$ cat final-v1.pdb   # PDB, C-alpha atoms
ATOM      1  CA  MET I1102      61.947 128.795 139.268
ATOM      2  CA  LYS I1103      61.833 126.941 135.939
ATOM      3  CA  ALA I1104      62.488 123.206 136.062
ATOM      4  CA  VAL I1105      61.828 119.930 134.310
ATOM      5  CA  VAL I1106      58.942 118.297 136.157
ATOM      6  CA  ILE I1107      57.826 114.647 136.247
ATOM      7  CA  SER I1108      54.238 114.437 137.530
ATOM      8  CA  SER I1109      53.830 110.631 137.526
ATOM      9  CA  PRO I1110      55.664 107.466 136.390
ATOM     10  CA  GLN I1111      53.628 107.465 133.164
ATOM     11  CA  ALA I1112      54.085 111.158 132.408
ATOM     12  CA  GLY I1113      56.734 112.649 130.205
ATOM     13  CA  PRO I1114      58.942 115.574 131.220
ATOM     14  CA  VAL I1115      57.421 119.043 131.153
ATOM     15  CA  CYS I1116      59.160 122.344 131.722
ATOM     16  CA  GLY I1117      57.238 124.368 134.283
ATOM     17  CA  ASP I1118      57.376 126.228 137.544
ATOM     18  CA  PHE I1119      58.623 124.455 140.653
ATOM     19  CA  SER I1120      59.234 125.619 144.201
ATOM     20  CA  GLU I1121      62.647 126.979 145.094
ATOM     21  CA  PRO I1122      64.995 124.480 146.786
ATOM     22  CA  VAL I1123      65.230 124.644 150.559
ATOM     23  CA  PRO I1124      68.857 124.344 151.727
ATOM     24  CA  GLY I1125      69.479 121.815 154.456
ATOM     25  CA  GLN I1126      72.244 122.023 157.043
ATOM     26  CA  GLY I1127      75.606 122.492 155.333
ATOM     27  CA  GLU I1128      74.040 123.006 151.895
ATOM     28  CA  GLN I1129      74.135 125.965 149.549
ATOM     29  CA  VAL I1130      72.138 126.940 146.484
ATOM     30  CA  PHE I1131      73.830 126.435 143.108
ATOM     31  CA  GLU I1132      72.854 127.791 139.692
ATOM     32  CA  LEU I1133      72.531 125.181 136.944
ATOM     33  CA  VAL I1134      75.087 125.124 134.126
ATOM     34  CA  GLY I1135      74.374 121.649 132.742
ATOM     35  CA  ALA I1136      72.764 118.382 133.906
ATOM     36  CA  GLY I1137      73.257 115.111 132.044
ATOM     37  CA  LEU I1138      70.276 113.020 130.996
ATOM     38  CA  HIS I1139      71.640 109.612 132.008
ATOM     39  CA  GLN I1140      70.059 106.170 131.864
ATOM     40  CA  ILE I1141      69.472 106.270 135.616
ATOM     41  CA  VAL I1142      67.589 109.571 135.242
ATOM     42  CA  ARG I1143      65.221 108.056 132.683
ATOM     43  CA  SER I1144      64.717 104.927 134.809
ATOM     44  CA  ILE I1145      64.002 106.837 138.014
ATOM     45  CA  ALA I1146      61.568 109.116 136.172
ATOM     46  CA  SER I1147      59.646 106.107 134.833
ATOM     47  CA  GLY I1148      59.611 104.402 138.247
ATOM     48  CA  SER I1149      61.485 101.355 136.917
ATOM     49  CA  HIS I1150      64.772 101.905 138.778
ATOM     50  CA  TYR I1151      65.334 100.364 142.207
ATOM     51  CA  GLY I1152      66.147 103.860 143.431
ATOM     52  CA  SER I1153      62.821 105.318 142.289
ATOM     53  CA  GLY I1154      60.790 106.991 145.006
ATOM     54  CA  ASP I1155      57.094 107.634 145.398
ATOM     55  CA  VAL I1156      57.376 111.419 145.514
ATOM     56  CA  TYR I1157      55.474 113.150 142.696
ATOM     57  CA  PRO I1158      55.748 115.668 141.181
ATOM     58  CA  PHE I1159      59.522 115.911 141.298
ATOM     59  CA  VAL I1160      62.479 117.375 139.423
ATOM     60  CA  PRO I1161      64.639 114.702 137.737
ATOM     61  CA  GLY I1162      68.430 114.702 137.559
ATOM     62  CA  VAL I1163      71.096 113.121 139.746
ATOM     63  CA  ASP I1164      74.132 115.315 139.069
ATOM     64  CA  ALA I1165      75.163 118.544 137.377
ATOM     65  CA  VAL I1166      77.798 121.156 136.826
ATOM     66  CA  ALA I1167      76.611 124.281 138.600
ATOM     67  CA  ARG I1168      77.818 127.715 139.665
ATOM     68  CA  GLY I1169      78.366 128.385 143.349
ATOM     69  CA  VAL I1170      77.877 131.568 145.309
ATOM     70  CA  ASP I1171      81.521 132.474 144.664
ATOM     71  CA  GLY I1172      81.013 132.253 140.904
ATOM     72  CA  GLY I1173      83.128 129.099 140.506
ATOM     73  CA  LEU I1174      81.944 125.952 138.735
ATOM     74  CA  VAL I1175      81.506 122.705 140.637
ATOM     75  CA  TYR I1176      80.342 119.194 139.895
ATOM     76  CA  THR I1177      77.569 118.376 142.343
ATOM     77  CA  GLY I1178      74.737 115.990 143.159
ATOM     78  CA  PHE I1179      73.039 114.147 146.040
ATOM     79  CA  ILE I1180      69.965 116.374 145.797
ATOM     80  CA  THR I1181      67.095 115.784 148.236
ATOM     81  CA  GLU I1182      63.696 114.896 146.710
ATOM     82  CA  PRO I1183      61.484 116.315 145.352
ATOM     83  CA  TRP I1184      64.229 118.470 143.861
ATOM     84  CA  GLY I1185      66.751 117.324 141.290
ATOM     85  CA  THR I1186      69.418 118.875 139.132
ATOM     86  CA  MET I1187      67.312 119.728 136.051
ATOM     87  CA  ALA I1188      66.215 123.058 137.423
ATOM     88  CA  GLU I1189      67.506 126.624 137.377
ATOM     89  CA  ARG I1190      68.662 126.164 140.980
ATOM     90  CA  MET I1191      69.489 123.271 143.288
ATOM     91  CA  SER I1192      70.547 122.923 146.900
ATOM     92  CA  ALA I1193      73.477 120.598 147.594
ATOM     93  CA  ARG I1194      76.273 119.897 150.035
ATOM     94  CA  VAL I1195      78.774 118.360 147.618
ATOM     95  CA  GLY I1196      80.733 120.562 145.246
ATOM     96  CA  ILE I1197      83.924 119.395 143.486
ATOM     97  CA  ARG I1198      85.666 122.231 141.715
ATOM     98  CA  VAL I1199      85.712 122.014 137.915
ATOM     99  CA  PRO I1200      89.175 123.046 136.636
ATOM    100  CA  ASP I1201      89.491 126.311 134.749
ATOM    101  CA  GLY I1202      89.324 125.828 130.997
ATOM    102  CA  ALA I1203      87.311 122.596 131.197
ATOM    103  CA  ASP I1204      84.195 122.173 129.079
ATOM    104  CA  PRO I1205      81.490 122.140 131.782
ATOM    105  CA  LEU I1206      78.965 120.355 129.570
ATOM    106  CA  ALA I1207      81.425 117.557 128.810
ATOM    107  CA  VAL I1208      81.861 117.134 132.562
ATOM    108  CA  ALA I1209      78.084 117.121 133.075
ATOM    109  CA  ALA I1210      77.649 114.577 130.292
ATOM    110  CA  GLY I1211      80.488 112.278 131.268
ATOM    111  CA  MET I1212      80.765 111.974 135.035
ATOM    112  CA  ASN I1213      77.781 109.707 135.722
ATOM    113  CA  PRO I1214      78.304 107.262 132.839
ATOM    114  CA  GLY I1215      82.048 107.376 133.452
ATOM    115  CA  MET I1216      81.789 106.607 137.145
ATOM    116  CA  SER I1217      80.078 103.282 136.412
ATOM    117  CA  SER I1218      83.357 101.953 135.016
ATOM    118  CA  TRP I1219      85.792 104.218 136.856
ATOM    119  CA  LEU I1220      85.054 102.726 140.285
ATOM    120  CA  PRO I1221      85.639  99.067 139.291
ATOM    121  CA  LEU I1222      88.632 100.026 137.135
ATOM    122  CA  THR I1223      90.393 101.924 139.923
ATOM    123  CA  ALA I1224      89.538  99.208 142.457
ATOM    124  CA  ARG I1225      91.084  96.559 140.205
ATOM    125  CA  ALA I1226      94.083  98.749 139.338
ATOM    126  CA  ASP I1227      94.806  99.177 143.060
ATOM    127  CA  ARG I1228      95.343  95.397 143.249
ATOM    128  CA  GLY I1229      97.852  95.255 140.395
ATOM    129  CA  PRO I1230      98.247  95.731 136.635
ATOM    130  CA  LEU I1231      94.973  95.804 134.704
ATOM    131  CA  GLY I1232      96.220  93.648 131.837
ATOM    132  CA  THR I1233      93.227  92.948 129.590
ATOM    133  CA  VAL I1234      89.846  94.604 130.212
ATOM    134  CA  LEU I1235      86.725  93.227 128.485
ATOM    135  CA  ILE I1236      83.848  95.671 127.904
ATOM    136  CA  PHE I1237      80.360  94.646 126.746
ATOM    137  CA  GLY I1238      78.347  97.581 125.414
ATOM    138  CA  ALA I1239      81.486  99.436 124.360
ATOM    139  CA  THR I1240      79.687 101.364 121.604
ATOM    140  CA  GLY I1241      77.313 103.177 123.983
ATOM    141  CA  ALA I1242      78.158 106.429 125.752
ATOM    142  CA  SER I1243      79.204 104.674 128.965
ATOM    143  CA  GLY I1244      81.121 101.992 127.116
ATOM    144  CA  ARG I1245      83.116 104.467 125.042
ATOM    145  CA  ILE I1246      84.146 106.273 128.214
ATOM    146  CA  ALA I1247      85.020 102.925 129.810
ATOM    147  CA  VAL I1248      87.402 102.088 126.955
ATOM    148  CA  GLN I1249      89.203 105.417 127.391
ATOM    149  CA  SER I1250      89.272 105.092 131.168
ATOM    150  CA  ALA I1251      90.784 101.613 131.039
ATOM    151  CA  LEU I1252      93.564 102.765 128.747
ATOM    152  CA  SER I1253      94.229 105.874 130.847
ATOM    153  CA  LEU I1254      94.632 103.657 133.927
ATOM    154  CA  GLY I1255      97.226 101.468 132.220
ATOM    155  CA  ALA I1256      95.332  98.554 130.667
ATOM    156  CA  ASP I1257      97.565  96.668 128.209
ATOM    157  CA  ARG I1258      94.622  95.930 125.942
ATOM    158  CA  VAL I1259      90.882  96.387 125.820
ATOM    159  CA  VAL I1260      88.449  93.985 124.175
ATOM    160  CA  ALA I1261      85.553  96.216 123.108
ATOM    161  CA  VAL I1262      82.304  94.389 122.292
ATOM    162  CA  GLY I1263      79.197  96.029 120.812
ATOM    163  CA  ARG I1264      76.795  96.204 117.877
ATOM    164  CA  ASN I1265      77.556  99.551 116.246
ATOM    165  CA  ALA I1266      80.089  98.781 113.529
ATOM    166  CA  ALA I1267      80.976 102.436 112.925
ATOM    167  CA  VAL I1268      81.781 103.082 116.590
ATOM    168  CA  LEU I1269      83.764  99.831 116.833
ATOM    169  CA  GLU I1270      85.839 101.017 113.893
ATOM    170  CA  GLU I1271      86.514 104.285 115.709
ATOM    171  CA  LEU I1272      87.523 102.435 118.885
ATOM    172  CA  ALA I1273      89.846  99.940 117.192
ATOM    173  CA  GLY I1274      93.549 100.594 117.652
ATOM    174  CA  PRO I1275      96.861  99.084 118.714
ATOM    175  CA  SER I1276      95.560  98.445 122.232
ATOM    176  CA  VAL I1277      91.863  97.901 121.425
ATOM    177  CA  VAL I1278      90.503  94.685 119.911
ATOM    178  CA  THR I1279      86.885  94.915 118.739
ATOM    179  CA  VAL I1280      84.244  92.185 118.482
ATOM    180  CA  ARG I1281      80.871  92.875 116.904
ATOM    181  CA  LEU I1282      77.776  91.287 118.422
ATOM    182  CA  GLY I1283      75.244  89.560 116.182
ATOM    183  CA  GLU I1284      77.628  88.060 113.642
ATOM    184  CA  GLU I1285      77.935  84.339 112.936
ATOM    185  CA  ASP I1286      81.448  84.111 114.299
ATOM    186  CA  THR I1287      80.956  86.368 117.341
ATOM    187  CA  ALA I1288      81.435  83.573 119.881
ATOM    188  CA  THR I1289      84.582  82.299 118.145
ATOM    189  CA  ARG I1290      86.096  85.760 117.797
ATOM    190  CA  LEU I1291      85.293  86.619 121.407
ATOM    191  CA  ALA I1292      86.913  83.443 122.723
ATOM    192  CA  ALA I1293      90.019  84.115 120.619
ATOM    193  CA  ALA I1294      90.236  87.695 121.909
ATOM    194  CA  LEU I1295      90.213  86.519 125.524
ATOM    195  CA  ASP I1296      93.671  84.985 125.405
ATOM    196  CA  PRO I1297      95.038  86.036 127.805
ATOM    197  CA  ALA I1298      92.012  86.108 130.069
ATOM    198  CA  PRO I1299      90.789  89.517 131.264
ATOM    199  CA  SER I1300      91.412  90.767 134.750
ATOM    200  CA  LEU I1301      88.182  92.757 134.625
ATOM    201  CA  VAL I1302      84.887  92.510 132.725
ATOM    202  CA  LEU I1303      82.602  95.553 132.502
ATOM    203  CA  ASP I1304      79.146  94.467 131.347
ATOM    204  CA  TYR I1305      76.566  97.090 130.380
ATOM    205  CA  LEU I1306      74.335  94.564 128.590
ATOM    206  CA  TRP I1307      73.778  91.397 130.706
ATOM    207  CA  GLY I1308      71.030  89.004 129.515
ATOM    208  CA  PRO I1309      72.014  86.642 126.662
ATOM    209  CA  VAL I1310      75.175  88.659 125.996
ATOM    210  CA  ALA I1311      76.438  87.809 129.479
ATOM    211  CA  GLU I1312      75.709  84.157 128.777
ATOM    212  CA  LEU I1313      77.814  84.483 125.616
ATOM    213  CA  ALA I1314      80.582  85.905 127.787
ATOM    214  CA  PHE I1315      80.344  83.057 130.272
ATOM    215  CA  GLY I1316      80.828  80.603 127.413
ATOM    216  CA  ALA I1317      83.865  82.482 126.134
ATOM    217  CA  LEU I1318      85.390  82.564 129.628
ATOM    218  CA  ALA I1319      84.911  78.822 130.207
ATOM    219  CA  ARG I1320      87.954  76.610 130.715
ATOM    220  CA  ARG I1321      88.673  72.913 130.977
ATOM    221  CA  GLY I1322      91.239  71.050 133.024
ATOM    222  CA  LEU I1323      92.004  70.524 136.677
ATOM    223  CA  ASP I1324      95.145  72.637 136.813
ATOM    224  CA  GLU I1325      95.121  75.821 138.876
ATOM    225  CA  ASP I1326      93.595  78.795 137.071
ATOM    226  CA  SER I1327      96.180  81.487 136.416
ATOM    227  CA  ALA I1328      93.534  84.172 135.863
ATOM    228  CA  ASP I1329      91.908  86.387 138.489
ATOM    229  CA  ILE I1330      88.714  87.767 136.936
ATOM    230  CA  THR I1331      86.293  90.317 138.363
ATOM    231  CA  TYR I1332      83.061  90.313 136.339
ATOM    232  CA  THR I1333      81.249  93.608 136.974
ATOM    233  CA  GLN I1334      77.566  93.842 136.091
ATOM    234  CA  ILE I1335      76.646  97.475 135.365
ATOM    235  CA  GLY I1336      73.651  97.636 133.028
ATOM    236  CA  GLY I1337      70.881  95.421 131.699
ATOM    237  CA  LEU I1338      70.270  96.734 128.185
ATOM    238  CA  ALA I1339      70.187  93.195 126.721
ATOM    239  CA  GLY I1340      68.081  91.672 129.502
ATOM    240  CA  PRO I1341      67.529  91.685 133.282
ATOM    241  CA  THR I1342      68.668  88.113 133.964
ATOM    242  CA  ALA I1343      71.430  85.754 132.875
ATOM    243  CA  ALA I1344      72.114  82.088 133.686
ATOM    244  CA  VAL I1345      75.543  81.559 135.234
ATOM    245  CA  PRO I1346      77.041  78.096 134.583
ATOM    246  CA  ALA I1347      78.022  76.373 137.814
ATOM    247  CA  SER I1348      81.132  74.979 136.138
ATOM    248  CA  LEU I1349      82.376  78.505 135.417
ATOM    249  CA  LEU I1350      82.276  79.427 139.097
ATOM    250  CA  ARG I1351      84.089  76.227 140.084
ATOM    251  CA  SER I1352      86.717  76.138 137.338
ATOM    252  CA  ARG I1353      87.845  79.763 137.292
ATOM    253  CA  ARG I1354      89.064  82.314 139.786
ATOM    254  CA  ILE I1355      86.148  84.613 139.043
ATOM    255  CA  ARG I1356      83.880  86.816 141.127
ATOM    256  CA  ILE I1357      80.673  88.466 139.914
ATOM    257  CA  VAL I1358      79.899  91.862 141.432
ATOM    258  CA  GLY I1359      77.844  94.932 140.562
ATOM    259  CA  SER I1360      78.560  98.618 140.025
ATOM    260  CA  GLY I1361      75.671 100.993 140.617
ATOM    261  CA  ALA I1362      73.948 103.254 143.088
ATOM    262  CA  GLY I1363      74.224 101.474 146.433
ATOM    263  CA  SER I1364      77.145  99.201 145.546
ATOM    264  CA  ALA I1365      79.792 101.667 146.766
ATOM    265  CA  SER I1366      79.943 103.916 149.796
ATOM    266  CA  THR I1367      79.532 107.656 149.398
ATOM    267  CA  ALA I1368      83.031 108.084 150.830
ATOM    268  CA  ASP I1369      84.567 105.832 148.156
ATOM    269  CA  LEU I1370      82.587 107.595 145.453
ATOM    270  CA  LEU I1371      83.737 111.055 146.539
ATOM    271  CA  LYS I1372      87.322 109.816 146.774
ATOM    272  CA  GLN I1373      87.329 108.645 143.153
ATOM    273  CA  LEU I1374      85.347 111.463 141.516
ATOM    274  CA  PRO I1375      88.255 113.941 141.168
ATOM    275  CA  GLY I1376      90.398 111.511 139.148
ATOM    276  CA  LEU I1377      87.699 110.988 136.548
ATOM    277  CA  LEU I1378      86.777 114.671 136.500
ATOM    278  CA  ALA I1379      90.406 115.641 135.847
ATOM    279  CA  ARG I1380      90.635 113.321 132.834
ATOM    280  CA  ILE I1381      87.432 114.668 131.304
ATOM    281  CA  ALA I1382      88.516 118.236 132.029
ATOM    282  CA  ASP I1383      91.908 117.904 130.332
ATOM    283  CA  GLY I1384      90.595 115.912 127.369
ATOM    284  CA  ARG I1385      92.200 112.552 128.098
ATOM    285  CA  ILE I1386      88.634 111.218 128.143
ATOM    286  CA  GLN I1387      86.479 112.613 125.347
ATOM    287  CA  VAL I1388      82.716 112.860 125.902
ATOM    288  CA  ALA I1389      80.229 113.547 123.109
ATOM    289  CA  TYR I1390      77.138 115.521 124.118
ATOM    290  CA  LYS I1391      74.217 117.513 122.743
ATOM    291  CA  SER I1392      72.695 120.336 124.738
ATOM    292  CA  PHE I1393      68.962 121.018 125.189
ATOM    293  CA  SER I1394      67.299 123.827 127.094
ATOM    294  CA  LEU I1395      65.018 123.033 130.026
ATOM    295  CA  ALA I1396      62.143 124.112 127.779
ATOM    296  CA  ASP I1397      63.137 121.377 125.305
ATOM    297  CA  ALA I1398      63.097 118.577 127.883
ATOM    298  CA  ALA I1399      60.746 116.434 125.797
ATOM    299  CA  ALA I1400      63.152 116.596 122.854
ATOM    300  CA  ALA I1401      66.040 115.671 125.144
ATOM    301  CA  TRP I1402      64.111 112.646 126.415
ATOM    302  CA  ALA I1403      63.464 111.548 122.826
ATOM    303  CA  HIS I1404      67.126 111.946 121.831
ATOM    304  CA  ARG I1405      68.782 108.617 121.025
ATOM    305  CA  GLY I1406      71.927 109.748 119.245
ATOM    306  CA  PRO I1407      75.486 108.772 120.175
ATOM    307  CA  GLU I1408      75.831 111.983 122.185
ATOM    308  CA  ARG I1409      74.699 112.292 125.795
ATOM    309  CA  ALA I1410      71.848 114.802 126.172
ATOM    310  CA  VAL I1411      72.623 117.644 128.583
ATOM    311  CA  LEU I1412      69.960 120.020 129.954
ATOM    312  CA  VAL I1413      70.974 123.661 130.262
ATOM    313  CA  PRO I1414      69.061 126.705 131.575
TER
END

$ encode --input "final-v1.pdb" --output "structure tokens"
Amino acid sequence: MKAVVISSPQAGPVCGDFSEPVPGQGEQVFELVGAGLHQIVRSIASGSHYGSGDVYPFVPGVDAVARGVDGGLVYTGFITEPWGTMAERMSARVGIRVPDGADPLAVAAGMNPGMSSWLPLTARADRGPLGTVLIFGATGASGRIAVQSALSLGADRVVAVGRNAAVLEELAGPSVVTVRLGEEDTATRLAAALDPAPSLVLDYLWGPVAELAFGALARRGLDEDSADITYTQIGGLAGPTAAVPASLLRSRRIRIVGSGAGSASTADLLKQLPGLLARIADGRIQVAYKSFSLADAAAAWAHRGPERAVLVP
């Protein structure tokens, strides 16, 4: 079969022949409709992700919309190496039905980046009203989905922080306050926007941006903190490390956690997937994408536009 193939951590993607998938117990073979080229896919292919294996050559891709033996479309993943989802066929156990009328490529493009915020958002919403949600990296594909997800789950307001002025302008609205990174008054504007304090922080950037956030979240006084903040570290686009002030941990009701592969159980993940899928399918969450054929994998890898690249047969 035809597939995108990664031959080594240093090699780029090449479309070529690869062995047919071998179904394991309880698995079936699906036909590819579309597989998103997510940040985790790039990182695993380059060997830089903590989930990268030592199996080469392999087919990249962690999830996809595919067609089952009954002709219906499903969202699927959890593919056993050396196979992945960027191939004409894949063998998988999981298959969540894609609703009729949904754009399958929007689902393929949006589920993985959307899940990074959907899990912490639903977990926090289960504990009570979301109130204010602060999102760093709101102008990226994942961040834009996170803004929509927060509002769809009942957030009163979203503070969207990023660098792309045009996207921030698109995001701004009655319930969305925007703060642009890199301006002289960024710290002042961020601190002003965080009154009241957020219940949840979704951070796709980390590094010095997280340190800016810690400063904006700081408080003084010995009275009891009325906030209850969950700071969720998701991505490291601004840097792999950040210094956390000890005074922040002692003066605020704040916990710092992560959202990524390994931070949630498979059972919890499968429980939450249908809710996100339904919102993408019915258009409550809009996902921008650009499709590339398997033969154009190199062009897809080079794509850096606002749309999520999706590989199709």

$ residues_around --input "final-v1.pdb" --residues "Phe1393 of chain I" --least-positions-apart "4" --cutoff "9 Å" --atoms "all atoms listed in the file" --output "VMD selection string"
chain I and resid 1397 to 1398 1400 to 1401 1410 to 1414

$ resolve_selection --input "final-v1.pdb" --expression "the PyMOL selection byres ((chain I and resi 1300) around 9)" --output "PyMOL selection string"
chain I and resi 1225+1230-1235+1298-1299+1301-1302+1328-1332

$ atom_distance --input "final-v1.pdb" --atom1 "atom CA of Gly1337 of chain I" --atom2 "atom CA of Gly1308 of chain I"
6.8 Å

$ resolve_selection --input "final-v1.pdb" --expression "the PyMOL selection byres ((chain I and resi 1150-1163) around 7)" --output "JSON, numbers by chain"
{"I": [1104, 1105, 1106, 1107, 1108, 1109, 1136, 1142, 1144, 1145, 1146, 1148, 1149, 1164, 1178, 1179, 1180, 1182, 1183, 1184, 1185, 1186, 1187]}

$ atom_distance --input "final-v1.pdb" --atom1 "atom CA of Asp1383 of chain I" --atom2 "atom CA of Glu1132 of chain I"
23.4 Å

$ atom_distance --input "final-v1.pdb" --atom1 "atom CA of Arg1351 of chain I" --atom2 "atom CA of Asp1296 of chain I"
19.6 Å

$ residues_near_point --input "final-v1.pdb" --point "(85.4, 117.0, 131.6)" --cutoff "7 Å" --atoms "only C-alpha atoms" --output "PyMOL selection string"
chain I and resi 1203-1205+1207-1208+1211+1378-1384

$ residues_around --input "final-v1.pdb" --residues "Arg1198 of chain I" --least-positions-apart "4" --cutoff "8 Å" --atoms "all atoms listed in the file" --output "list in words"
Gly1173, Leu1174, Val1175 and Tyr1176 of chain I

$ closest_residue --input "final-v1.pdb" --among "I:Val1310, I:Ala1339, I:Leu1371, I:Leu1222" --to "Ala1256 of chain I" --atoms "all atoms listed in the file"
I:Leu1222

$ closest_residue --input "final-v1.pdb" --among "I:Ser1250, I:Ser1218, I:Ala1188, I:Glu1284" --to "Val1115 of chain I" --atoms "all atoms listed in the file"
I:Ala1188

$ decode --input "final-v1.pdb" --residues "segment 1259-1266 of chain I" --atoms "all heavy atoms" --output "mmCIF file, in the first residue's frame"
data_model
loop_
_atom_site.group_PDB
_atom_site.id
_atom_site.type_symbol
_atom_site.label_atom_id
_atom_site.label_comp_id
_atom_site.auth_asym_id
_atom_site.auth_seq_id
_atom_site.Cartn_x
_atom_site.Cartn_y
_atom_site.Cartn_z
ATOM 1 N N VAL I 1259 -13.144 34.557 28.181
ATOM 2 C CA VAL I 1259 -11.865 33.961 27.824
ATOM 3 C C VAL I 1259 -10.863 35.089 27.628
ATOM 4 O O VAL I 1259 -11.161 36.075 26.953
ATOM 5 C CB VAL I 1259 -11.977 33.120 26.534
ATOM 6 C CG1 VAL I 1259 -10.590 32.652 26.070
ATOM 7 C CG2 VAL I 1259 -12.890 31.922 26.745
ATOM 8 N N VAL I 1260 -9.698 34.943 28.230
ATOM 9 C CA VAL I 1260 -8.580 35.852 27.980
ATOM 10 C C VAL I 1260 -7.650 35.137 27.013
ATOM 11 O O VAL I 1260 -7.007 34.152 27.370
ATOM 12 C CB VAL I 1260 -7.841 36.235 29.275
ATOM 13 C CG1 VAL I 1260 -6.685 37.172 28.966
ATOM 14 C CG2 VAL I 1260 -8.810 36.896 30.260
ATOM 15 N N ALA I 1261 -7.630 35.611 25.767
ATOM 16 C CA ALA I 1261 -6.868 34.967 24.696
ATOM 17 C C ALA I 1261 -5.570 35.728 24.477
ATOM 18 O O ALA I 1261 -5.582 36.915 24.140
ATOM 19 C CB ALA I 1261 -7.683 34.945 23.409
ATOM 20 N N VAL I 1262 -4.437 35.051 24.656
ATOM 21 C CA VAL I 1262 -3.120 35.678 24.569
ATOM 22 C C VAL I 1262 -2.330 35.048 23.427
ATOM 23 O O VAL I 1262 -2.247 33.822 23.328
ATOM 24 C CB VAL I 1262 -2.346 35.515 25.897
ATOM 25 C CG1 VAL I 1262 -1.017 36.261 25.842
ATOM 26 C CG2 VAL I 1262 -3.185 35.998 27.080
ATOM 27 N N GLY I 1263 -1.749 35.870 22.561
ATOM 28 C CA GLY I 1263 -0.950 35.365 21.451
ATOM 29 C C GLY I 1263 -0.238 36.489 20.740
ATOM 30 O O GLY I 1263 -0.333 37.657 21.143
ATOM 31 N N ARG I 1264 0.472 36.159 19.666
ATOM 32 C CA ARG I 1264 1.263 37.150 18.935
ATOM 33 C C ARG I 1264 0.613 37.629 17.645
ATOM 34 O O ARG I 1264 0.888 38.729 17.193
ATOM 35 C CB ARG I 1264 2.653 36.575 18.609
ATOM 36 C CG ARG I 1264 3.518 36.319 19.826
ATOM 37 C CD ARG I 1264 4.944 35.983 19.447
ATOM 38 N NE ARG I 1264 5.745 35.695 20.626
ATOM 39 C CZ ARG I 1264 6.313 36.622 21.382
ATOM 40 N NH1 ARG I 1264 6.172 37.896 21.071
ATOM 41 N NH2 ARG I 1264 7.019 36.282 22.445
ATOM 42 N N ASN I 1265 -0.214 36.827 17.033
ATOM 43 C CA ASN I 1265 -0.783 37.158 15.733
ATOM 44 C C ASN I 1265 -1.925 38.158 15.903
ATOM 45 O O ASN I 1265 -3.020 37.808 16.345
ATOM 46 C CB ASN I 1265 -1.279 35.888 15.039
ATOM 47 C CG ASN I 1265 -1.666 36.118 13.598
ATOM 48 O OD1 ASN I 1265 -2.361 37.078 13.280
ATOM 49 N ND2 ASN I 1265 -1.218 35.225 12.722
ATOM 50 N N ALA I 1266 -1.659 39.401 15.534
ATOM 51 C CA ALA I 1266 -2.640 40.466 15.747
ATOM 52 C C ALA I 1266 -3.920 40.225 14.963
ATOM 53 O O ALA I 1266 -5.023 40.500 15.446
ATOM 54 C CB ALA I 1266 -2.031 41.818 15.376
#
